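Asks: Got a structure for you, questions after.
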Amino acid sequence: MNDMTPTREQRTAALEGMGCKRKRVEDARFTQGKGNYVDDLKLPGMLHGDFVRSPHAHARVKSINSEEALKVPGVLAVITAETLKTVNLAWMPTLAGDVQMVLADGKVLFQNQEVAFVVATDRYAADDGINKVVVEYEPLPVVIDPFKAMDKDAPVLREDIAGKTSGAHGPRKHHNHIFEWTVGDKDLTDAAFRKAEVTIKEMISYHRTHPSPLETCQCVCSFDKIRGELTIWGTFQAPHVIRTVVSLIAKLPEQKIHVISPDIGGGFGNKVGAYPGYICAAVASIVTGKPVKWVEDRIENLTATSFARDYHMTTEIAATKDGKVTGLRVHVLADHGAFDACADPSKWPAGFFNIVTGSYDFPTAHLVVDGIYSNKAPGGVAYRCSFRVTEAAYCIERAMDILAQKLKIDPAELRLRNFIKREQFPYHSALGWEYDSGDYHTAMKKMMEKVEYAELRKEQAEKRAAFKRGDTREIMGVGVSFFTEIVGAGPSKNCDILGIAMFDSCEIRMHPTGAGIARVGSKSTGQGHETTWAQIIATEIGIPADNIMVEEGNTDTAPYGLGTYGSRSTPVAGAAIAMAARKIKAKAQMIAAYKLEVHEDDLEWDIDGFRVKGLPEKSMSMKDICWAAYNSVPPGMEPGLEAVSYYDPPNMTYPFGAYICVMDIDVDTGVYKVRRFYALDDCGTRINPMIIEGQVHGGLTEAFAIAMGQEIRYDEGGNVVTGSFMDFFMPTAVETPHWETDFTVTPSPHHPIGAKGVGESPNVGGVPAFSNAVNDAFSFLGSTHIQMPHDYWRNWKAAKNLGAFAA
Ligand code: CDP
């Protein structure tokens, strides 16, 4: 070895593989304004479409008159439900087995529902045209409060299915009922409650909110009449699924549909579903023969595309006097809005809400979820969480605090007493999941040590004494949260979308010079897949990450994948990438053995190539093997070096984390200060620690927004009162607290590289940490549970109701 020979450390570092804080390669274009988003697309002759929307939450549509609109210069067409009926597209199927109006057909069911689509030569003309469409409405009584949706005299919302006694998920109990979903053992759970020494019961609401990606939902549709081909550029988190859905509903052969998701400015679940804008733009392009662009504005996005949460969870825990939980009973009233357009795997009407037993060893549990219709926008997306997991985590984490309060046991101590123990994994939960791995006690204790938990509680006691003496008007809250996520949908045995199993895929093609391209079925909306996917390949096959180009989002080139949401990319696509790389490596080993004139079994892997066992100087680098793959493969072997993997995971992955929030609230103004927020995450093997930290910062910021004010609120008439960024809380760097991050590593035993997802975790764990901090502060004034969101005004009102202003 001469001085120039790189050391093993240098060779490993040169790869920038797993564990490296590799800088995000996509940022070169994003930070220089060179990203290529849907709205950057300008095609010759392109038209623009925009919607006439309903001002009413519930009304009969008596007539639509487009005469004046068609006189506006530049307006070419006004599409209504009647137009769509001629091509059988007035209604579309939803992912949840329901149907949804594309354009108002006889009535409207929520404010801002799409009524007509105006097509014009530019966006301004389309907007002028909208103002000239005259729609005559006859207002109807509205259902906004979910608790009144199933009243005997509640108005019939869905006249199209009013007489149907069953839906996609079984029997319906009422004309506004969608489904009842039951999991767990009722008898055993009832018995646990009968025997319980202590019980708690609370209605815990998770309010309706909405993802807010920088870029709204949008598309450009271009139909080529000569070839009979439809190309759609869109903000799709799951482009292949969109292609299949378009093929099925538009009856176009799938090979004649090209779906391209270019750069996407954030998704957070908002861009999973199919929206009327996509259908109308496609129909308009077919009708006019020109490309048609549809771009939502912010108010449209907040009020009409998929909402999140709106879960009202009556929660009961049975326990012993010394704080051992013995049973959990939850009833959820789930408000799905006007159509059931929930984006969940087909068989899961309430997503994976049955993770609600959380990180605790509940011997028995019983869960019932009732889905209902209301006069609100449809949807029910996993806003930065796996399907309904954030609702479940919030439910159990609030309930555990309420139990701690009742038992006068410290909330951290209560959790430690009930955690699933490390030796219990793989752990079978009372509601049917198999948790793959976990070490909750270690994570919790690390968190408590790092934040000096005992000191915090001492300080809180002193502050409370000072408040009583009248020396301060601030109350201090310490919010503990420990969550278990379930991500990586999912095993084909229990997860599909419209009958397509939820696998994912990767194709790797190595070029002669030792560079390559990896095409993946996932689709980054900003999570840095181009960076991290190359890192997995770098470690697996010893080619520097810089030499691997990653491509996603084009259905013509990427292998079929189920897309990116619910932190499924790393658990599923990440596994497919590792498996495809291993196929490359296996062929490379045969080529190396042939070139080095030894048997394959005499070779061993060494960072970036193969060497002969016992003769380390006899070796061949992966770079040289790539060259050999194109000129001197063993006789009988096909030349080239490429591989495809479709990965069907054997199980989901179960990341977890311990979070703590320290907050002071001024009772006279309701103003809060987040003094400290510490987040420890365990996502198994860490591919890129810098990207993980970024994911945690982003997720915590969204959790902060949701817990402390972000809400889609309706008045009694069904008007959205928080439908713009004037009213919908969107924290900037000014309001956002400082985040402290930490980690432990408990690899997933079934994932090829031991990785679990992470992107959603901070939202799942963050919301209960904030809410528990607020509730912990107010518990001192005698409250048990204050509903989110905890904005200044609500904090002030809570303080007032709890007598904080008494003389
Ligand atoms: O599905 P999505 O991409 O939203 O979520 P994810 O699988 O949690 O991944 C988010 C980002 O974090 C990706 O760039 C991953 O490669 C990265 N990540 C990581 O570096 N290590 C992990 N164990 C998990 C995710």
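Following the order of the structure tokens, chains are lettered A, B, ..., residues in each are numbered from 1, and ligands are numbered from 1.
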Mind running range 646-756 of chain A against range 341-362 of chain A at 12 Å and telling me each contacting residue's nearest atom pair with the distance in Å (one decimal), counting only C-alpha atoms, chain and number ascending, as CSV?
Replies:
residue,atom,partner,partner_atom,distance
A:Met652,CA,A:Phe352,CA,11.0
A:Tyr654,CA,A:Ser359,CA,10.2
A:Pro655,CA,A:Ser359,CA,10.7
A:Phe656,CA,A:Ser359,CA,8.4
A:Gly657,CA,A:Ser359,CA,9.8
A:Ala658,CA,A:Ser359,CA,10.6
Asks: Would you output that residue set with C-alpha atoms, as a short mmCIF file (atom, residue, chain, number, x, y, z; two decimals), in the first residue's frame?
Replies:
data_model
loop_
_atom_site.label_atom_id
_atom_site.label_comp_id
_atom_site.auth_asym_id
_atom_site.auth_seq_id
_atom_site.Cartn_x
_atom_site.Cartn_y
_atom_site.Cartn_z
CA MET A 652 -45.30 -2.55 8.79
CA TYR A 654 -43.20 0.79 14.15
CA PRO A 655 -41.07 3.88 14.79
CA PHE A 656 -41.47 5.51 18.18
CA GLY A 657 -40.37 8.51 20.15
CA ALA A 658 -40.35 10.39 23.43
#
Asks: Name all residues at most 9 Å from Gly265 in chain A (count only C-alpha atoms; drop same-chain ones fewer than 6 positions away) and give them as a CSV table (one decimal) with all heavy atoms, in the first residue's frame.
Replies:
chain,number,residue,atom,x,y,z
A,37,TYR,N,-42.0,22.9,-11.5
A,37,TYR,CA,-43.3,22.5,-10.9
A,37,TYR,C,-44.4,22.6,-12.0
A,37,TYR,O,-44.2,23.1,-13.1
A,37,TYR,CB,-43.6,23.5,-9.8
A,37,TYR,CG,-42.6,23.5,-8.7
A,37,TYR,CD1,-41.5,24.3,-8.7
A,37,TYR,CD2,-42.8,22.6,-7.6
A,37,TYR,CE1,-40.5,24.2,-7.7
A,37,TYR,CE2,-41.8,22.5,-6.6
A,37,TYR,CZ,-40.7,23.3,-6.7
A,37,TYR,OH,-39.8,23.2,-5.6
A,213,PRO,N,-49.4,22.6,1.9
A,213,PRO,CA,-48.2,22.6,1.1
A,213,PRO,C,-48.0,23.9,0.5
A,213,PRO,O,-49.0,24.6,0.1
A,213,PRO,CB,-48.4,21.5,0.1
A,213,PRO,CG,-49.9,21.2,0.1
A,213,PRO,CD,-50.4,21.6,1.4
A,214,LEU,N,-46.8,24.3,0.3
A,214,LEU,CA,-46.5,25.6,-0.4
A,214,LEU,C,-47.2,25.7,-1.7
A,214,LEU,O,-47.8,26.7,-2.1
A,214,LEU,CB,-45.0,25.7,-0.7
A,214,LEU,CG,-44.1,26.3,0.4
A,214,LEU,CD1,-42.7,26.3,0.0
A,214,LEU,CD2,-44.6,27.7,0.8
A,215,GLU,N,-47.1,24.6,-2.5
A,215,GLU,CA,-47.8,24.5,-3.8
A,215,GLU,C,-49.2,23.8,-3.6
A,215,GLU,O,-49.3,22.8,-3.0
A,215,GLU,CB,-46.9,23.6,-4.7
A,215,GLU,CG,-47.4,23.5,-6.1
A,215,GLU,CD,-46.7,22.2,-6.8
A,215,GLU,OE1,-46.4,21.2,-6.1
A,215,GLU,OE2,-46.5,22.3,-8.0
A,216,THR,N,-50.2,24.4,-4.2
A,216,THR,CA,-51.5,23.8,-4.1
A,216,THR,C,-51.7,22.7,-5.1
A,216,THR,O,-50.7,22.4,-5.8
A,216,THR,CB,-52.6,24.9,-4.3
A,216,THR,OG1,-52.3,25.4,-5.7
A,216,THR,CG2,-52.6,26.0,-3.3
A,235,THR,N,-49.7,17.3,-9.5
A,235,THR,CA,-49.1,17.3,-8.2
A,235,THR,C,-49.5,16.0,-7.5
A,235,THR,O,-50.2,16.0,-6.5
A,235,THR,CB,-49.6,18.5,-7.4
A,235,THR,OG1,-51.0,18.6,-7.5
A,235,THR,CG2,-48.9,19.8,-7.8
A,525,THR,N,-42.0,14.6,-2.3
A,525,THR,CA,-42.7,15.9,-2.4
A,525,THR,C,-41.8,16.9,-1.6
A,525,THR,O,-42.3,17.9,-1.1
A,525,THR,CB,-44.1,15.9,-1.8
A,525,THR,OG1,-44.0,15.3,-0.5
A,525,THR,CG2,-45.0,15.0,-2.7
A,526,GLY,N,-40.5,16.6,-1.5
A,526,GLY,CA,-39.6,17.5,-0.8
A,526,GLY,C,-38.8,16.8,0.3
A,526,GLY,O,-38.0,17.4,1.0
Asks: Considering only C-alpha atoms, state which residue in the set A:Val259, A:Ala515, A:Leu456, A:Leu407 is at the smallest distance from Asp322 in chain A.
Replies: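 Smallest separation from Asp322 in chain A among the options: A:Leu407.
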Asks: Produce as JSON, numbers by chain the set of residues near ligand 1, where near means within 6 Å with only C-alpha atoms and all ligand atoms considered.
Replies: {"A": [527, 528, 529, 532, 564, 565, 566, 567, 568, 569, 570, 683, 684, 685, 686, 687, 688, 689, 691, 692, 755, 756, 757, 758, 759]}
Asks: From range 364-573 of chain A, collect each residue whose DSSP state is strand (DSSP E or B) and return the set as JSON, numbers by chain.
Replies: {"A": [365, 366, 367, 368, 369, 370, 371, 372, 379, 419, 427, 428, 434, 435, 474, 475, 476, 477, 478, 479, 480, 481, 482, 483, 484, 487, 496, 497, 500, 501, 504, 505, 506, 507, 508, 509, 510, 516, 517, 518, 519, 520, 548, 549, 550, 551, 552, 554]}
Asks: Using only C-alpha atoms, please write the residues we just selected to a file, as a short mmCIF file (atom, residue, chain, number, x, y, z; two decimals), in the first residue's frame.
Replies:
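Okay, out26.cif is ready:
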data_model
loop_
_atom_site.label_atom_id
_atom_site.label_comp_id
_atom_site.auth_asym_id
_atom_site.auth_seq_id
_atom_site.Cartn_x
_atom_site.Cartn_y
_atom_site.Cartn_z
CA ALA A 365 -59.31 -3.21 24.21
CA HIS A 366 -62.41 -2.51 22.19
CA LEU A 367 -62.88 0.10 19.48
CA VAL A 368 -65.93 1.28 17.55
CA VAL A 369 -65.73 3.95 14.83
CA ASP A 370 -68.87 5.47 13.31
CA GLY A 371 -68.33 7.42 10.10
CA ILE A 372 -70.91 10.09 9.26
CA GLY A 379 -61.47 13.94 2.37
CA PHE A 419 -44.78 0.37 28.43
CA TYR A 427 -45.56 -7.61 20.36
CA HIS A 428 -49.17 -8.50 19.53
CA GLU A 434 -47.67 -7.02 15.48
CA TYR A 435 -45.19 -4.33 16.60
CA GLU A 474 -48.06 32.51 34.53
CA ILE A 475 -48.81 28.81 34.80
CA MET A 476 -46.25 26.24 33.69
CA GLY A 477 -47.03 23.04 31.81
CA VAL A 478 -44.80 20.04 31.15
CA GLY A 479 -46.23 17.97 28.28
CA VAL A 480 -44.99 14.41 28.00
CA SER A 481 -45.78 12.32 24.96
CA PHE A 482 -44.61 8.87 23.98
CA PHE A 483 -45.87 7.58 20.66
CA THR A 484 -45.69 4.47 18.54
CA VAL A 487 -45.84 3.07 8.89
CA ASP A 496 -54.49 -2.47 -1.05
CA ILE A 497 -55.78 0.57 -2.90
CA ILE A 500 -53.80 -3.01 -6.04
CA ALA A 501 -51.51 -4.44 -3.37
CA ASP A 504 -43.28 -0.64 -3.96
CA SER A 505 -40.56 -0.88 -6.52
CA CYS A 506 -37.12 0.05 -7.79
CA GLU A 507 -35.24 -0.48 -11.00
CA ILE A 508 -31.47 0.07 -11.04
CA ARG A 509 -29.48 0.25 -14.25
CA MET A 510 -25.69 0.49 -13.98
CA GLY A 516 -26.16 4.41 -12.77
CA ILE A 517 -29.78 5.39 -12.62
CA ALA A 518 -32.37 4.24 -10.09
CA ARG A 519 -36.03 4.63 -10.89
CA VAL A 520 -38.35 4.26 -7.94
CA ILE A 548 -26.35 7.40 -8.92
CA MET A 549 -29.13 9.44 -10.43
CA VAL A 550 -32.55 8.92 -8.83
CA GLU A 551 -35.70 9.42 -10.84
CA GLU A 552 -39.31 9.23 -9.66
CA ASN A 554 -42.94 9.41 -14.50
#
Asks: I'd like the neighbourhood of Ala773 in chain A as a VMD selection string, where a residue qualifies if any of its atoms comes within 12 Å (using only C-alpha atoms), though same-chain residues fewer than 5 positions away should be ignored.
Replies: chain A and resid 397 to 398 401 411 460 475 to 481 659 to 665 672 to 677 704 707 to 708 766 to 768 778 to 780 785 to 786 788 790
Asks: Could you tell me how far CA of Ala126 in chain A sits from CA of Cys280 in chain A, in Å to one decimal place?
Replies: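 Taking CA of Cys280 in chain A as the start and CA of Ala126 in chain A as the end point, the length is 13.7 Å.
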Asks: Write out as a compact mmCIF listing (two decimals) with C-alpha atoms, in the first residue's frame each polymer residue whose atoms come within 9 Å of Arg60 in chain A, counting only C-alpha atoms; drop sequence neighbours fewer than 3 positions from it.
Replies:
# COMPACT_ATOMS: atom_id res chain seq x y z
CA GLY A 106 -78.86 18.69 -8.57
CA LYS A 107 -77.53 19.91 -5.21
CA VAL A 108 -74.44 21.09 -3.39
CA LEU A 109 -73.26 19.55 -0.14
CA GLU A 136 -79.86 29.69 -8.82
CA TYR A 137 -79.76 27.93 -5.42
CA GLU A 138 -82.47 26.94 -2.96
CA PRO A 139 -80.80 26.72 0.46
CA LEU A 140 -81.43 23.60 2.57
Asks: Tell me, as a PyMOL selection string, which residues lie within 6 Å of range 792-805 of chain A, counting only C-alpha atoms; anything in the same chain fewer than 4 positions away does not count.
Replies: chain A and resi 667+669-671
Asks: Kindly give the distance, in Å, that separates CA of Ala399 in chain A and CA of Val332 in chain A, rounded to a single decimal.
Replies: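 Atom-to-atom, CA of Ala399 in chain A to CA of Val332 in chain A, that is 14.0 Å.
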Asks: Any idea what's packed within 10 Å of Ala578 in chain A, counting only C-alpha atoms, ignoring anything in its chain fewer than 3 positions away? Could you give it as an MDAnalysis selection string?
Replies: chainID A and resid 506 533 536:541 573:575 581:584 645 647 751:753
Asks: Emit the selected residues as a PDB file, in the first residue's frame, including C-alpha atoms.
Replies:
ATOM      1  CA  CYS A 506     -37.120   0.052  -7.786  1.00  0.00           C
ATOM      2  CA  TRP A 533     -32.147   6.623  -2.170  1.00  0.00           C
ATOM      3  CA  ILE A 536     -28.824   3.200   0.182  1.00  0.00           C
ATOM      4  CA  ILE A 537     -27.453   2.073  -3.185  1.00  0.00           C
ATOM      5  CA  ALA A 538     -23.997   3.496  -2.410  1.00  0.00           C
ATOM      6  CA  THR A 539     -23.691   1.383   0.731  1.00  0.00           C
ATOM      7  CA  GLU A 540     -25.187  -1.706  -0.878  1.00  0.00           C
ATOM      8  CA  ILE A 541     -23.074  -1.785  -4.059  1.00  0.00           C
ATOM      9  CA  ALA A 573     -39.613   1.721  -1.515  1.00  0.00           C
ATOM     10  CA  GLY A 574     -36.418   1.922   0.590  1.00  0.00           C
ATOM     11  CA  ALA A 575     -36.573  -1.857   0.983  1.00  0.00           C
ATOM     12  CA  ALA A 581     -29.140  -3.292  -5.293  1.00  0.00           C
ATOM     13  CA  ARG A 582     -28.541  -6.744  -3.828  1.00  0.00           C
ATOM     14  CA  LYS A 583     -29.551  -8.331  -7.138  1.00  0.00           C
ATOM     15  CA  ILE A 584     -26.979  -6.075  -8.873  1.00  0.00           C
ATOM     16  CA  SER A 645     -37.378  -5.338  -7.310  1.00  0.00           C
ATOM     17  CA  TYR A 647     -41.102  -5.360  -2.558  1.00  0.00           C
ATOM     18  CA  HIS A 751     -36.614  -4.468   6.813  1.00  0.00           C
ATOM     19  CA  PRO A 752     -33.568  -5.266   4.624  1.00  0.00           C
ATOM     20  CA  ILE A 753     -31.600  -2.310   6.041  1.00  0.00           C
TER      21      ILE A 753
END
Asks: May I ask which of the residues A:Val38, A:Met590, A:Cys20, A:Val381 is the closest one to Pro262 in chain A, counting only C-alpha atoms?
Replies: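 When distances to Pro262 in chain A are compared using only C-alpha atoms, the smallest one comes from A:Val38.
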Asks: If you run DSSP on the backbone here, which positions in range 42-100 of chain A get helix (DSSP H, G or I)? Please write them as a count of residues only.
Replies: 8
Asks: Need the shell around Lys587 in chain A: protein/DNA/RNA residues with any atom at most 12 Å away, counting only C-alpha atoms. Skip same-chain ones fewer than 6 positions apart. Format as an NGL selection string?
Replies: :A and (510 or 541 or 580-581 or 593-594 or 600 or 610 or 622 or 625-626 or 628-629 or 633-634 or 637-643)
Asks: Would you work out the distance separating CA of Lys290 in chain A from CA of Leu76 in chain A, expressed in Å to one decimal?
Replies: 11.3 Å
Asks: Point out the residue among A:Asn375, A:Thr531, A:Ser285, A:Thr244 with the least atom-to-atom distance to Pro544 in chain A, counting only C-alpha atoms.
Replies: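 Going through A:Asn375, A:Thr531, A:Ser285, A:Thr244 one by one, the smallest distance to Pro544 in chain A is for A:Thr531.
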